[in-house]
Each structure stands twice: as C-alpha cells, then as structure tokens.
>>> print(open('target05.cif').read())   # mmCIF, C-alpha atoms (C1' of nucleotides)
data_data
#
loop_
_atom_site.group_PDB
_atom_site.id
_atom_site.type_symbol
_atom_site.label_atom_id
_atom_site.label_comp_id
_atom_site.auth_asym_id
_atom_site.auth_seq_id
_atom_site.Cartn_x
_atom_site.Cartn_y
_atom_site.Cartn_z
ATOM 1 C CA MET A 187 -19.009 -44.761 41.581
ATOM 2 C CA THR A 188 -20.189 -45.521 38.052
ATOM 3 C CA ALA A 189 -16.852 -45.556 36.321
ATOM 4 C CA THR A 190 -18.110 -45.766 32.750
ATOM 5 C CA VAL A 191 -20.157 -42.626 33.011
ATOM 6 C CA GLU A 192 -18.776 -39.376 31.694
ATOM 7 C CA TYR A 193 -19.672 -35.992 33.032
ATOM 8 C CA LYS A 194 -18.275 -33.124 31.069
ATOM 9 C CA ILE A 195 -19.449 -29.734 32.206
ATOM 10 C CA ASN A 196 -18.605 -28.191 35.545
ATOM 11 C CA ARG A 197 -20.859 -26.354 37.930
ATOM 12 C CA GLU A 198 -19.645 -22.913 36.985
ATOM 13 C CA LYS A 199 -20.179 -23.385 33.270
ATOM 14 C CA LEU A 200 -23.629 -24.752 33.931
ATOM 15 C CA GLU A 201 -24.580 -21.749 36.012
ATOM 16 C CA LYS A 202 -23.384 -19.425 33.310
ATOM 17 C CA ALA A 203 -25.150 -21.263 30.535
ATOM 18 C CA ALA A 204 -28.380 -21.372 32.511
ATOM 19 C CA TYR A 205 -28.029 -17.673 33.217
ATOM 20 C CA ILE A 206 -27.751 -16.831 29.535
ATOM 21 C CA LEU A 207 -30.546 -19.162 28.562
ATOM 22 C CA ARG A 208 -32.829 -17.651 31.167
ATOM 23 C CA THR A 209 -32.090 -14.209 29.802
ATOM 24 C CA VAL A 210 -33.233 -15.288 26.389
ATOM 25 C CA ALA A 211 -36.066 -17.612 27.402
ATOM 26 C CA HIS A 212 -38.870 -15.117 26.906
ATOM 27 C CA PRO A 213 -40.939 -14.489 23.777
ATOM 28 C CA THR A 214 -40.311 -10.765 23.682
ATOM 29 C CA ARG A 215 -36.609 -11.115 24.330
ATOM 30 C CA LEU A 216 -36.325 -13.804 21.695
ATOM 31 C CA ALA A 217 -38.086 -11.500 19.276
ATOM 32 C CA ILE A 218 -35.583 -8.784 20.112
ATOM 33 C CA VAL A 219 -32.708 -11.141 19.379
ATOM 34 C CA ASP A 220 -34.276 -12.172 16.106
ATOM 35 C CA LEU A 221 -34.926 -8.603 15.131
ATOM 36 C CA LEU A 222 -31.415 -7.448 15.952
ATOM 37 C CA ASN A 223 -30.026 -10.375 14.070
ATOM 38 C CA LEU A 224 -31.722 -9.157 10.916
ATOM 39 C CA ASN A 225 -31.171 -5.455 11.562
ATOM 40 C CA ALA A 226 -27.755 -4.453 12.799
ATOM 41 C CA ARG A 227 -29.131 -1.780 15.090
ATOM 42 C CA LEU A 228 -32.496 -0.394 16.073
ATOM 43 C CA SER A 229 -33.751 2.267 18.424
ATOM 44 C CA VAL A 230 -35.963 1.451 21.371
ATOM 45 C CA ASN A 231 -38.762 3.192 19.550
ATOM 46 C CA GLU A 232 -38.383 1.133 16.419
ATOM 47 C CA ILE A 233 -38.275 -2.109 18.361
ATOM 48 C CA GLY A 234 -41.310 -1.085 20.344
ATOM 49 C CA GLU A 235 -43.316 -0.264 17.235
ATOM 50 C CA ILE A 236 -42.427 -3.458 15.456
ATOM 51 C CA LEU A 237 -43.000 -5.740 18.399
ATOM 52 C CA LYS A 238 -45.873 -3.763 19.855
ATOM 53 C CA VAL A 239 -44.408 -3.708 23.324
ATOM 54 C CA GLU A 240 -45.079 -0.953 25.798
ATOM 55 C CA GLN A 241 -42.232 1.517 26.312
ATOM 56 C CA SER A 242 -41.374 0.825 29.913
ATOM 57 C CA LEU A 243 -41.608 -2.919 29.650
ATOM 58 C CA LEU A 244 -39.400 -2.919 26.589
ATOM 59 C CA SER A 245 -36.872 -0.732 28.323
ATOM 60 C CA HIS A 246 -36.738 -3.172 31.213
ATOM 61 C CA HIS A 247 -36.137 -6.068 28.840
ATOM 62 C CA LEU A 248 -33.420 -4.211 26.960
ATOM 63 C CA THR A 249 -31.697 -3.136 30.140
ATOM 64 C CA THR A 250 -31.660 -6.707 31.399
ATOM 65 C CA MET A 251 -30.299 -8.047 28.138
ATOM 66 C CA LYS A 252 -27.594 -5.424 28.072
ATOM 67 C CA LEU A 253 -26.687 -6.036 31.679
ATOM 68 C CA LYS A 254 -26.300 -9.724 30.984
ATOM 69 C CA GLY A 255 -24.012 -9.103 28.041
ATOM 70 C CA LEU A 256 -26.310 -9.945 25.160
ATOM 71 C CA LEU A 257 -26.771 -6.439 23.794
ATOM 72 C CA ARG A 258 -24.838 -3.228 23.516
ATOM 73 C CA SER A 259 -26.302 0.241 23.236
ATOM 74 C CA GLU A 260 -25.251 3.614 21.891
ATOM 75 C CA LYS A 261 -27.001 6.843 22.556
ATOM 76 C CA GLU A 262 -27.531 9.236 19.647
ATOM 77 C CA GLY A 263 -29.469 12.381 20.319
ATOM 78 C CA GLN A 264 -32.583 11.405 22.130
ATOM 79 C CA SER A 265 -32.559 7.896 20.742
ATOM 80 C CA VAL A 266 -30.749 4.843 22.034
ATOM 81 C CA PHE A 267 -29.763 2.208 19.522
ATOM 82 C CA TYR A 268 -29.377 -1.384 20.593
ATOM 83 C CA SER A 269 -27.479 -4.097 18.769
ATOM 84 C CA LEU A 270 -26.445 -7.688 19.356
ATOM 85 C CA LYS A 271 -23.232 -8.020 21.246
ATOM 86 C CA GLU A 272 -23.335 -11.781 21.334
ATOM 87 C CA LYS A 273 -23.466 -13.095 17.774
ATOM 88 C CA ASP A 274 -23.878 -16.682 18.886
ATOM 89 C CA ILE A 275 -27.216 -16.128 20.542
ATOM 90 C CA PRO A 276 -29.296 -16.168 17.350
ATOM 91 C CA LYS A 277 -28.002 -19.682 16.765
ATOM 92 C CA LEU A 278 -30.099 -20.762 19.704
ATOM 93 C CA LEU A 279 -33.156 -19.778 17.729
ATOM 94 C CA GLU A 280 -32.059 -21.948 14.828
ATOM 95 C CA CYS A 281 -31.505 -24.955 17.076
ATOM 96 C CA ILE A 282 -34.894 -24.492 18.616
ATOM 97 C CA GLU A 283 -36.623 -24.091 15.277
ATOM 98 C CA HIS A 284 -35.357 -27.472 14.119
ATOM 99 C CA CYS A 285 -36.390 -29.261 17.200
ATOM 100 C CA ASP A 286 -39.663 -31.031 17.492
ATOM 101 C CA CYS A 287 -40.641 -30.937 21.143
ATOM 102 C CA ASN A 288 -44.144 -31.328 22.469
ATOM 103 C CA MET A 289 -46.512 -28.390 22.810
ATOM 104 C CA MET B 50 -44.180 2.234 9.879
ATOM 105 C CA THR B 51 -40.533 1.327 9.321
ATOM 106 C CA ALA B 52 -40.793 -0.410 5.975
ATOM 107 C CA THR B 53 -37.194 -1.560 5.755
ATOM 108 C CA VAL B 54 -37.332 -3.561 8.922
ATOM 109 C CA GLU B 55 -37.770 -7.298 8.769
ATOM 110 C CA TYR B 56 -39.445 -9.354 11.406
ATOM 111 C CA LYS B 57 -39.264 -13.067 10.839
ATOM 112 C CA ILE B 58 -40.641 -15.154 13.657
ATOM 113 C CA ASN B 59 -44.287 -15.258 14.683
ATOM 114 C CA ARG B 60 -45.771 -15.132 18.127
ATOM 115 C CA GLU B 61 -46.523 -18.824 18.313
ATOM 116 C CA LYS B 62 -43.008 -19.897 17.406
ATOM 117 C CA LEU B 63 -41.600 -17.469 19.923
ATOM 118 C CA GLU B 64 -43.779 -18.844 22.684
ATOM 119 C CA LYS B 65 -42.713 -22.370 21.862
ATOM 120 C CA ALA B 66 -39.039 -21.513 21.686
ATOM 121 C CA ALA B 67 -39.201 -19.651 24.969
ATOM 122 C CA TYR B 68 -41.012 -22.588 26.516
ATOM 123 C CA ILE B 69 -38.270 -24.996 25.500
ATOM 124 C CA LEU B 70 -35.524 -22.646 26.555
ATOM 125 C CA ARG B 71 -37.108 -22.144 29.963
ATOM 126 C CA THR B 72 -37.266 -25.896 30.403
ATOM 127 C CA VAL B 73 -33.568 -26.149 29.834
ATOM 128 C CA ALA B 74 -32.456 -22.930 31.520
ATOM 129 C CA HIS B 75 -31.449 -24.455 34.831
ATOM 130 C CA PRO B 76 -28.052 -25.777 35.887
ATOM 131 C CA THR B 77 -29.291 -29.175 36.962
ATOM 132 C CA ARG B 78 -31.420 -29.652 33.890
ATOM 133 C CA LEU B 79 -28.565 -28.589 31.642
ATOM 134 C CA ALA B 80 -26.377 -31.103 33.406
ATOM 135 C CA ILE B 81 -28.982 -33.769 32.747
ATOM 136 C CA VAL B 82 -29.023 -32.898 29.052
ATOM 137 C CA ASP B 83 -25.249 -33.005 28.906
ATOM 138 C CA LEU B 84 -25.119 -36.297 30.730
ATOM 139 C CA LEU B 85 -27.730 -37.925 28.537
ATOM 140 C CA ASN B 86 -25.983 -36.638 25.486
ATOM 141 C CA LEU B 87 -22.882 -38.553 26.482
ATOM 142 C CA ASN B 88 -24.691 -41.590 27.847
ATOM 143 C CA ALA B 89 -27.582 -42.902 25.809
ATOM 144 C CA ARG B 90 -29.639 -43.788 28.867
ATOM 145 C CA LEU B 91 -29.301 -43.566 32.604
ATOM 146 C CA SER B 92 -31.447 -44.458 35.565
ATOM 147 C CA VAL B 93 -32.716 -41.838 37.978
ATOM 148 C CA ASN B 94 -30.394 -43.314 40.545
ATOM 149 C CA GLU B 95 -27.328 -43.022 38.337
ATOM 150 C CA ILE B 96 -28.131 -39.438 37.423
ATOM 151 C CA GLY B 97 -28.684 -38.587 41.051
ATOM 152 C CA GLU B 98 -25.379 -40.070 42.127
ATOM 153 C CA ILE B 99 -23.396 -38.363 39.412
ATOM 154 C CA LEU B 100 -24.985 -34.961 39.807
ATOM 155 C CA LYS B 101 -25.464 -35.206 43.567
ATOM 156 C CA VAL B 102 -29.066 -34.164 43.423
ATOM 157 C CA GLU B 103 -31.615 -35.256 45.965
ATOM 158 C CA GLN B 104 -34.036 -37.940 44.794
ATOM 159 C CA SER B 105 -37.285 -36.056 44.894
ATOM 160 C CA LEU B 106 -35.939 -32.893 43.368
ATOM 161 C CA LEU B 107 -34.355 -34.864 40.557
ATOM 162 C CA SER B 108 -37.573 -36.694 39.927
ATOM 163 C CA HIS B 109 -39.405 -33.389 39.639
ATOM 164 C CA HIS B 110 -36.868 -32.132 37.115
ATOM 165 C CA LEU B 111 -37.027 -35.312 35.065
ATOM 166 C CA THR B 112 -40.806 -35.344 35.070
ATOM 167 C CA THR B 113 -40.904 -31.751 33.845
ATOM 168 C CA MET B 114 -38.389 -32.413 31.105
ATOM 169 C CA LYS B 115 -40.299 -35.472 29.963
ATOM 170 C CA LEU B 116 -43.598 -33.630 30.032
ATOM 171 C CA LYS B 117 -42.156 -30.897 27.880
ATOM 172 C CA GLY B 118 -40.892 -33.349 25.310
ATOM 173 C CA LEU B 119 -37.169 -33.240 25.991
ATOM 174 C CA LEU B 120 -36.765 -36.690 27.497
ATOM 175 C CA ARG B 121 -38.304 -40.114 27.220
ATOM 176 C CA SER B 122 -38.350 -42.795 29.911
ATOM 177 C CA GLU B 123 -38.632 -46.546 30.113
ATOM 178 C CA LYS B 124 -39.264 -48.525 33.242
ATOM 179 C CA GLU B 125 -37.235 -51.666 33.826
ATOM 180 C CA GLY B 126 -37.774 -53.485 37.066
ATOM 181 C CA GLN B 127 -37.608 -50.952 39.814
ATOM 182 C CA SER B 128 -35.487 -48.568 37.779
ATOM 183 C CA VAL B 129 -36.576 -45.943 35.316
ATOM 184 C CA PHE B 130 -34.190 -45.059 32.538
ATOM 185 C CA TYR B 131 -34.273 -41.659 30.947
ATOM 186 C CA SER B 132 -32.849 -40.677 27.579
ATOM 187 C CA LEU B 133 -32.826 -37.663 25.308
ATOM 188 C CA LYS B 134 -35.798 -37.460 23.039
ATOM 189 C CA GLU B 135 -34.786 -34.174 21.495
ATOM 190 C CA LYS B 136 -31.367 -34.565 19.888
ATOM 191 C CA ASP B 137 -31.107 -30.905 19.014
ATOM 192 C CA ILE B 138 -31.123 -29.714 22.586
ATOM 193 C CA PRO B 139 -27.460 -30.475 23.332
ATOM 194 C CA LYS B 140 -26.576 -28.097 20.512
ATOM 195 C CA LEU B 141 -27.798 -25.285 22.742
ATOM 196 C CA LEU B 142 -24.999 -26.122 25.114
ATOM 197 C CA GLU B 143 -22.447 -25.871 22.318
ATOM 198 C CA CYS B 144 -23.746 -22.476 21.238
ATOM 199 C CA ILE B 145 -23.614 -21.243 24.784
ATOM 200 C CA GLU B 146 -20.112 -22.569 25.367
ATOM 201 C CA HIS B 147 -18.763 -20.564 22.455
ATOM 202 C CA CYS B 148 -20.390 -17.374 23.525
ATOM 203 C CA ASP B 149 -18.651 -14.836 25.568
ATOM 204 C CA CYS B 150 -21.290 -13.024 27.593
ATOM 205 C CA ASN B 151 -20.688 -11.142 30.809
ATOM 206 C CA MET B 152 -20.625 -12.860 34.164
ATOM 207 C "C1'" DT C 299 -37.387 28.718 28.413
ATOM 208 C "C1'" DG C 300 -41.407 25.770 28.264
ATOM 209 C "C1'" DT C 301 -42.993 21.758 25.782
ATOM 210 C "C1'" DT C 302 -42.595 17.512 23.511
ATOM 211 C "C1'" DA C 303 -40.289 13.131 22.446
ATOM 212 C "C1'" DA C 304 -37.336 9.147 23.695
ATOM 213 C "C1'" DT C 305 -35.785 6.438 27.186
ATOM 214 C "C1'" DA C 306 -34.896 4.846 31.994
ATOM 215 C "C1'" DT C 307 -35.931 3.814 36.747
ATOM 216 C "C1'" DG C 308 -38.016 2.055 40.960
ATOM 217 C "C1'" DA C 309 -41.589 0.334 43.759
ATOM 218 C "C1'" DA C 310 -45.577 -2.614 44.046
ATOM 219 C "C1'" DC C 311 -47.887 -6.464 42.793
ATOM 220 C "C1'" DA C 312 -48.976 -10.626 40.245
ATOM 221 C "C1'" DC C 313 -47.166 -14.919 38.487
ATOM 222 C "C1'" DT C 314 -44.159 -18.628 37.884
ATOM 223 C "C1'" DT C 315 -40.756 -21.752 39.242
ATOM 224 C "C1'" DA C 316 -37.672 -24.178 42.583
ATOM 225 C "C1'" DT C 317 -37.116 -26.693 46.667
ATOM 226 C "C1'" DT C 318 -38.316 -29.373 50.599
ATOM 227 C "C1'" DC C 319 -40.759 -32.690 53.114
ATOM 228 C "C1'" DA C 320 -43.741 -36.314 53.950
ATOM 229 C "C1'" DT C 321 -45.742 -39.980 51.925
ATOM 230 C "C1'" DA C 322 -47.236 -43.211 48.301
ATOM 231 C "C1'" DC C 323 -46.456 -46.795 44.993
ATOM 232 C "C1'" DA C 324 -44.274 -50.607 42.600
ATOM 233 C "C1'" DT C 325 -40.739 -54.044 42.375
ATOM 234 C "C1'" DT C 326 -37.437 -57.063 44.193
ATOM 235 C "C1'" DT C 327 -35.546 -59.959 47.778
ATOM 236 C "C1'" DG C 328 -34.963 -62.467 52.103
ATOM 237 C "C1'" DC D 129 -45.356 -61.580 53.182
ATOM 238 C "C1'" DA D 130 -42.289 -58.100 55.378
ATOM 239 C "C1'" DA D 131 -38.519 -55.181 54.455
ATOM 240 C "C1'" DA D 132 -35.767 -52.698 51.354
ATOM 241 C "C1'" DT D 133 -34.970 -50.204 47.115
ATOM 242 C "C1'" DG D 134 -36.096 -47.003 43.375
ATOM 243 C "C1'" DT D 135 -39.103 -43.650 41.873
ATOM 244 C "C1'" DA D 136 -43.144 -40.459 41.861
ATOM 245 C "C1'" DT D 137 -46.408 -37.212 43.778
ATOM 246 C "C1'" DG D 138 -48.557 -33.364 46.119
ATOM 247 C "C1'" DA D 139 -48.764 -29.678 49.268
ATOM 248 C "C1'" DA D 140 -46.412 -25.904 51.351
ATOM 249 C "C1'" DT D 141 -43.337 -22.478 51.052
ATOM 250 C "C1'" DA D 142 -39.422 -19.871 49.273
ATOM 251 C "C1'" DA D 143 -37.322 -17.501 45.714
ATOM 252 C "C1'" DG D 144 -37.219 -15.429 41.334
ATOM 253 C "C1'" DT D 145 -39.434 -12.945 37.212
ATOM 254 C "C1'" DG D 146 -42.649 -10.214 34.564
ATOM 255 C "C1'" DT D 147 -45.615 -6.357 34.316
ATOM 256 C "C1'" DT D 148 -47.597 -2.025 35.421
ATOM 257 C "C1'" DC D 149 -47.650 2.557 36.846
ATOM 258 C "C1'" DA D 150 -45.946 6.821 38.137
ATOM 259 C "C1'" DT D 151 -42.190 9.571 37.678
ATOM 260 C "C1'" DA D 152 -37.376 10.984 36.349
ATOM 261 C "C1'" DT D 153 -33.960 12.218 32.965
ATOM 262 C "C1'" DT D 154 -32.125 13.952 28.790
ATOM 263 C "C1'" DA D 155 -32.221 16.023 24.366
ATOM 264 C "C1'" DA D 156 -34.533 18.617 20.706
ATOM 265 C "C1'" DC D 157 -37.273 22.268 19.278
ATOM 266 C "C1'" DA D 158 -40.611 26.153 18.978
#
>>> encode(input="target05.cif", output="structure tokens")
Amino acid sequence: MTATVEYKINREKLEKAAYILRTVAHPTRLAIVDLLNLNARLSVNEIGEILKVEQSLLSHHLTTMKLKGLLRSEKEGQSVFYSLKEKDIPKLLECIEHCDCNM
Amino acid sequence: MTATVEYKINREKLEKAAYILRTVAHPTRLAIVDLLNLNARLSVNEIGEILKVEQSLLSHHLTTMKLKGLLRSEKEGQSVFYSLKEKDIPKLLECIEHCDCNM
DNA sequence: TGTTAATATGAACACTTATTCATACATTTG
DNA sequence: CAAATGTATGAATAAGTGTTCATATTAACA
C-alpha cells in the first residue's frame, strides 16, 4: 500500500463525470452547447440551419442531451426550443480551448 | 438566415475538443488524470495498484492518453513513470464536479 | 379537412472503443 | 545466464455510439 499517494475521487463520481463528458464529446453536440451558450434558446430548426445538421440526426442528439440533463426543452406551437440546463458545461469548452494537446 | 444568431467555434476546433474530451471521458482515465494531478508522477505499477486496474488494460489506457497528448512518460530502470502533460485537463474534473446533471 | 411544416422515433447498419488474453520485450537480480 | 519483474503490443471479440432512412406525431393553415 503506497501510503503517500492520495486518491480523491470515488467510483461513482467518476462514472458520472465520464457519462457527462461522453455526452458532450462530439463535435455537433459541442457546437450545440456553444450555440446555446451564446443564444439563450433556439428551435430545432434554427440549430439545424446554423449547424447544417440533418433534421433527424439533430433530433437524436438533442434528445440524448436532454435525457442526460444537459438541455431543457419547451414546446411552442409546432416548434421546440432548447436551452442549456447545465450552465457549467460551456466551461469545458473554455478549458479545452486553452489546452495545447497533440493533434 | 437567422442574422442575429452567433456561432463562434469552427469545425476544426470542435473536432479537436471532442477528440480530447473523448480521450478523457472514461472512468479509469479520469481517475488517472485525478491521480496524476495530485501526484506529479507515478509508475504504471503504482497506478495499477491504487486504481485496481489490470496491467494490460492500464497500459492500453496510458498509451492512448500519451498518444493523444495528455500524458508524458519517462522510463527509469524497469519502471515507466507517467505524468500529466496537459495541466488544463484536471480543470475539466472541477467543472464536472460542480455541475448538477441528471443521473 | 387535407396539406404542409416542425419535430420525434425506432430499427438497421456502420463505426469506434473497451476489454481480454497470450505473448513479447527490457531490465534487474540471484 | 536463468528467472523474475514491469511494461507494451496485437489480435480477437464484445460492447457502445453515430448515422441513415422510413415513418409517426402534432400543430398550423388554406
């Protein structure tokens, strides 16, 4: 037993963190986060036009992100508006932008 | 064309960010980051003992993380010591810890 | 009410990633 | 030098994700 070594985070927290990171670890989903960080709420249509993502695929992404607690949605007429539920998530983008990893 | 809508990050940056996030979006790899944040350098053996991860699997994880620019390694005798190359990465853990997502 | 527009859903398939196992390689030690 | 220790590698397979396509659902509108 290496007594001097610290180990802070427990299994459960790690699982949760990995779960959230996985949800966000996709170019399109990152773009959605970025977009909803700058624009309080947007319809599926608007997001699709801006990001040039096909309707069904986008819907799948949004559904996933909502399911995992990153987004909320409100229906208005025939449109559905999505917004960021988790305000901390955009910070991930900042961290990443500063960092200087290979590739 | 929705003129009022901003869209900040370009495709290339998104790909890179997603790439880094994917690298880190795994419980064991997060644990490694956390561990190496608290302990400047550790051997494969030490990491394996602390995290209770099988040798080969751990080696695969470490190799991936090194390849993707998150870790560096130095061989000393029969041991190989890994350390964090990317100091910003642990910040991701902080962000995540504050956030309050489902599940 | 029939048509169009906005969004969601589910199944199928393609891709990627994780894990295991056997084995290789290098270094130390008896 | 033979055995033991620490680490890496590669192939095989398992498990998880992304994408597409066809179709469903709901609301608006002529």
>>> atom_distance(input="target05.cif", atom1="CA of Leu224 (chain A)", atom2="CA of Glu201 (chain A)")
29.0 Å
>>> closest_residue(input="target05.cif", among="D:DA130, D:DA155, D:DG146, D:DA140", to="DT318 (chain C)", atoms="only C-alpha atoms (C1' of nucleotides)")
D:DA140
>>> closest_residue(input="target05.cif", among="C:DT314, C:DA304, C:DA309, C:DG328", to="chain A", atoms="only C-alpha atoms (C1' of nucleotides)")
C:DA304
>>> interface_residues(input="target05.cif", of="chain C", to="chain B", cutoff="9 Å", atoms="only C-alpha atoms (C1' of nucleotides)", output="PyMOL selection string")
chain C and resi 316-318+324-326
>>> interface_residues(input="target05.cif", of="chain D", to="chain B", cutoff="10 Å", atoms="all atoms listed in the file", output="MDAnalysis selection string")
chainID D and resid 133:137
>>> residues_around(input="target05.cif", residues="Arg78 (chain B)", least_positions_apart="5", cutoff="9 Å", atoms="only C-alpha atoms (C1' of nucleotides)", output="list in words")
Ala204 of chain A; Thr72, Val73, Asp83, Leu107, His110, Leu111 and Met114 of chain B
>>> interface_residues(input="target05.cif", of="chain B", to="chain A", cutoff="8 Å", atoms="all atoms listed in the file", output="PyMOL selection string")
chain B and resi 50-51+54-58+60+62-71+73-77+79-80+83-84+87-88+95+98-99+116-119+135-138+140-142+144-152
>>> atom_distance(input="target05.cif", atom1="C1' of DG138 (chain D)", atom2="CA of Gly97 (chain B)")
21.2 Å
>>> axis_aligned_box(input="target05.cif", around="region 234-252 of chain A", padding_each_side="4 Å", output="JSON")
{"center_x": -36.7, "center_y": -3.3, "center_z": 23.4, "size_x": 26.3, "size_y": 17.6, "size_z": 23.9}
>>> atom_distance(input="target05.cif", atom1="C1' of DA158 (chain D)", atom2="CA of Glu240 (chain A)")
28.3 Å
>>> closest_residue(input="target05.cif", among="A:Thr250, A:Ser269, A:Ser259, A:Lys238", to="DT145 (chain D)", atoms="all atoms listed in the file")
A:Thr250
>>> resolve_selection(input="target05.cif", expression="the PyMOL selection byres ((chain C and resi 308) around 12)", output="VMD selection string")
(chain A and resid 242 246) or (chain C and resid 306 to 307 309 to 310) or (chain D and resid 148 to 152)
